[in-house]
>>> print(open('upload03.cif').read())   # mmCIF, C-alpha atoms
data_upload
loop_
_atom_site.label_atom_id
_atom_site.label_comp_id
_atom_site.auth_asym_id
_atom_site.auth_seq_id
_atom_site.Cartn_x
_atom_site.Cartn_y
_atom_site.Cartn_z
CA MET E 291 -6.71 7.13 -16.55
CA ASN E 292 -6.69 10.03 -19.03
CA LYS E 293 -4.06 12.69 -19.56
CA TYR E 294 -5.09 16.03 -18.12
CA THR E 295 -4.13 19.63 -18.80
CA LEU E 296 -1.69 21.16 -16.32
CA ASP E 297 -3.98 23.89 -15.07
CA ALA E 298 -6.44 24.30 -12.20
CA LEU E 299 -9.27 22.62 -14.11
CA GLY E 300 -7.10 19.70 -15.26
CA VAL E 301 -5.87 19.02 -11.72
CA LYS E 302 -9.43 19.23 -10.42
CA GLN E 303 -10.64 16.74 -13.07
CA TRP E 304 -7.75 14.36 -12.31
CA LEU E 305 -8.47 14.52 -8.58
CA GLN E 306 -12.20 13.92 -9.10
CA ASP E 307 -11.50 10.89 -11.33
CA LEU E 308 -8.92 9.60 -8.85
CA TYR E 309 -11.18 9.92 -5.80
CA ASN E 310 -13.99 8.18 -7.71
CA SER E 311 -11.68 5.25 -8.49
CA THR E 312 -10.95 2.18 -6.37
CA ILE E 313 -8.72 2.26 -3.30
CA GLU E 314 -6.30 -0.04 -5.13
CA PHE E 315 -6.00 2.44 -8.00
CA GLN E 316 -5.44 5.32 -5.55
CA MET E 317 -2.70 3.32 -3.84
CA MET E 318 -1.07 2.58 -7.20
CA GLU E 319 -1.18 6.30 -8.07
CA GLN E 320 0.53 7.15 -4.77
CA LYS E 321 3.26 4.58 -5.43
CA LEU E 322 3.90 6.01 -8.90
CA ILE E 323 4.11 9.55 -7.50
CA LEU E 324 6.56 8.49 -4.79
CA LEU E 325 8.61 6.41 -7.20
CA CYS E 326 9.29 9.27 -9.65
CA LEU E 327 7.32 12.51 -9.58
CA ARG E 328 8.70 13.62 -12.94
CA SER E 329 7.67 10.44 -14.76
CA TRP E 330 4.26 10.46 -13.11
CA LEU E 331 3.61 14.10 -14.09
CA MET E 332 4.68 13.40 -17.67
CA SER E 333 2.36 10.40 -17.93
CA ARG E 334 -0.61 12.00 -16.16
CA PHE E 335 -0.56 15.59 -17.52
CA GLU E 336 0.03 17.21 -20.90
CA LEU E 337 3.33 19.07 -20.51
CA SER E 338 5.12 21.31 -22.97
CA GLU E 339 8.82 20.88 -23.64
CA SER E 340 9.63 23.93 -21.48
CA GLN E 341 7.55 22.51 -18.61
CA VAL E 342 9.44 19.22 -18.80
CA ASP E 343 12.77 21.11 -18.83
CA TYR E 344 11.67 23.13 -15.80
CA LEU E 345 10.52 20.01 -13.97
CA ILE E 346 13.90 18.39 -14.58
CA SER E 347 15.64 21.51 -13.20
CA LEU E 348 13.89 21.28 -9.80
CA SER E 349 16.01 19.90 -6.98
CA ALA E 350 15.60 16.27 -5.98
CA ASP E 351 14.72 17.31 -2.41
CA PHE E 352 11.95 19.62 -3.62
CA LYS E 353 10.49 16.92 -5.89
CA ASN E 354 10.66 14.33 -3.11
CA ASN E 355 8.94 16.64 -0.62
CA LEU E 356 6.25 17.57 -3.14
CA ALA E 357 5.68 13.90 -3.98
CA GLN E 358 5.23 13.16 -0.26
CA GLN E 359 2.72 16.01 0.07
CA ILE E 360 0.71 14.85 -2.96
CA ALA E 361 0.68 11.22 -1.78
CA PHE E 362 -0.38 12.31 1.72
CA SER E 363 -3.20 14.39 0.23
CA ILE E 364 -4.41 11.46 -1.88
CA ASN E 365 -4.25 9.11 1.09
CA ASN E 366 -6.50 11.47 3.06
CA GLN E 367 -8.64 12.47 0.04
CA ALA E 368 -7.72 16.11 0.63
CA ASP E 369 -8.12 18.81 -1.96
CA ILE E 370 -5.16 19.69 -4.20
CA THR E 371 -5.15 23.03 -6.01
CA LEU E 372 -2.79 24.16 -8.75
CA ASP E 373 -2.37 27.93 -8.60
CA LYS E 374 -0.63 28.59 -11.89
CA GLN E 375 -0.14 32.33 -12.07
CA THR E 376 1.27 32.32 -15.57
CA ASN E 377 -0.06 31.82 -19.04
CA GLU E 378 2.56 29.92 -20.96
CA LYS E 379 1.40 31.47 -24.26
CA SER E 380 2.05 34.96 -22.91
CA THR E 381 5.35 34.22 -21.16
CA SER E 382 7.16 36.06 -23.92
CA THR E 383 5.91 39.26 -22.24
CA PHE E 384 8.04 38.50 -19.19
CA PRO E 385 11.58 39.94 -19.20
CA ARG E 386 14.39 37.55 -19.93
CA ASP E 387 15.71 38.04 -16.41
CA SER E 388 12.71 36.39 -14.81
CA VAL E 389 12.63 32.86 -13.47
CA LYS E 390 9.77 30.45 -12.89
CA VAL E 391 9.36 29.59 -9.23
CA THR E 392 7.38 26.69 -7.79
CA GLU E 393 6.32 26.37 -4.18
CA TYR E 394 3.80 24.37 -2.26
CA GLU E 395 1.78 25.10 0.83
CA SER E 396 0.25 22.36 2.89
CA ASN E 397 -2.33 22.83 5.59
CA LYS E 398 -2.84 19.65 7.59
CA ILE E 399 -5.13 19.54 10.60
CA GLN E 400 -5.82 16.48 12.70
CA SER E 401 -9.16 16.55 14.46
CA ASP E 402 -9.36 15.84 18.16
CA THR E 403 -9.40 12.14 18.88
CA PRO E 404 -10.56 10.96 22.29
CA GLU E 405 -8.10 8.77 24.13
CA ILE E 406 -8.90 5.09 23.84
CA PRO E 407 -8.62 3.13 27.07
CA ILE E 408 -6.09 0.32 27.04
CA GLU E 409 -8.85 -2.17 27.81
CA SER E 410 -11.23 -0.90 25.12
CA GLU E 411 -13.37 -3.42 23.32
CA ALA E 412 -12.52 -4.32 19.75
CA ASN E 413 -15.93 -3.25 18.50
CA GLU E 414 -15.63 0.25 20.01
CA ALA E 415 -15.69 2.83 17.25
CA PHE E 416 -12.46 4.70 16.64
CA SER E 417 -12.69 7.78 14.51
CA ARG E 418 -9.62 9.64 13.32
CA ARG E 419 -9.75 12.19 10.58
CA LEU E 420 -7.13 14.33 8.92
CA GLU E 421 -8.14 17.40 7.02
CA GLY E 422 -6.00 19.47 4.75
CA HIS E 423 -5.51 21.24 1.47
CA LEU E 424 -2.41 21.20 -0.70
CA VAL E 425 -1.78 24.28 -2.86
CA ILE E 426 0.92 24.10 -5.55
CA ARG E 427 1.91 27.52 -6.90
CA ILE E 428 3.81 28.28 -10.08
CA TYR E 429 4.67 31.91 -10.79
CA TYR E 430 7.31 34.17 -12.28
CA LYS E 431 9.73 36.15 -10.17
CA LEU E 432 12.04 38.88 -11.38
CA LEU E 433 15.70 38.40 -10.54
#
>>> encode(input="upload03.cif", output="structure tokens")
Amino acid sequence: MNKYTLDALGVKQWLQDLYNSTIEFQMMEQKLILLCLRSWLMSRFELSESQVDYLISLSADFKNNLAQQIAFSINNQADITLDKQTNEKSTSTFPRDSVKVTEYESNKIQSDTPEIPIESEANEAFSRRLEGHLVIRIYYKLL
């Protein structure tokens, strides 16, 4: 798989390529994400030195939770959006007392599933669907 830019278009292209790949490849991608989010991001996206430094500075809990959310989204072929509200080339316009903040928002909805009788036949169709959208936001916040 290619390296992608870390912006909304790059994430969209990565997701499209991923969802067009084999189930085995999608499972491998999930395992890599869960194994080490930082390493996966560095191998999958083009990151600047300051982005790598920032990624390293995030807490382990935050990275683990985000990795779980991304893997869950891939498993359910949900949309993932990067809402990057900064332009790294113009970050020099931000005051020195600002800090980059990352957050994620996950909207997971499970559709209604009819109860299956205990004595249901094996060939009876069972349909379960999860819907959701993961939004990852990066923005600057004044201290």
>>> resolve_selection(input="upload03.cif", expression="the PyMOL selection byres ((chain E and resi 299) around 12)", output="JSON, numbers by chain")
{"E": [294, 295, 296, 297, 298, 300, 301, 302, 303, 304, 305, 306, 335, 370, 371, 372, 373, 374]}
>>> resolve_selection(input="upload03.cif", expression="the PyMOL selection byres ((chain E and resi 320) around 9)", output="PDB file with C-alpha atoms, in the frame of the given file")
ATOM      1  CA  PHE E 315      -6.000   2.440  -8.000  1.00  0.00           C
ATOM      2  CA  GLN E 316      -5.440   5.320  -5.550  1.00  0.00           C
ATOM      3  CA  MET E 317      -2.700   3.320  -3.840  1.00  0.00           C
ATOM      4  CA  MET E 318      -1.070   2.580  -7.200  1.00  0.00           C
ATOM      5  CA  GLU E 319      -1.180   6.300  -8.070  1.00  0.00           C
ATOM      6  CA  LYS E 321       3.260   4.580  -5.430  1.00  0.00           C
ATOM      7  CA  LEU E 322       3.900   6.010  -8.900  1.00  0.00           C
ATOM      8  CA  ILE E 323       4.110   9.550  -7.500  1.00  0.00           C
ATOM      9  CA  LEU E 324       6.560   8.490  -4.790  1.00  0.00           C
ATOM     10  CA  LEU E 325       8.610   6.410  -7.200  1.00  0.00           C
ATOM     11  CA  ALA E 357       5.680  13.900  -3.980  1.00  0.00           C
ATOM     12  CA  GLN E 358       5.230  13.160  -0.260  1.00  0.00           C
ATOM     13  CA  ILE E 360       0.710  14.850  -2.960  1.00  0.00           C
ATOM     14  CA  ALA E 361       0.680  11.220  -1.780  1.00  0.00           C
ATOM     15  CA  PHE E 362      -0.380  12.310   1.720  1.00  0.00           C
ATOM     16  CA  ILE E 364      -4.410  11.460  -1.880  1.00  0.00           C
ATOM     17  CA  ASN E 365      -4.250   9.110   1.090  1.00  0.00           C
TER      18      ASN E 365
END
>>> residues_around(input="upload03.cif", residues="Gln359 in chain E", least_positions_apart="3", cutoff="8 Å", atoms="all atoms listed in the file", output="PyMOL selection string")
chain E and resi 355-356+362-363+396+424
>>> atom_distance(input="upload03.cif", atom1="CA of Arg427 in chain E", atom2="CA of Leu337 in chain E")
16.1 Å
>>> atom_distance(input="upload03.cif", atom1="CA of Leu327 in chain E", atom2="CA of Lys353 in chain E")
6.6 Å
>>> atom_distance(input="upload03.cif", atom1="CA of Met291 in chain E", atom2="CA of Ile313 in chain E")
14.3 Å
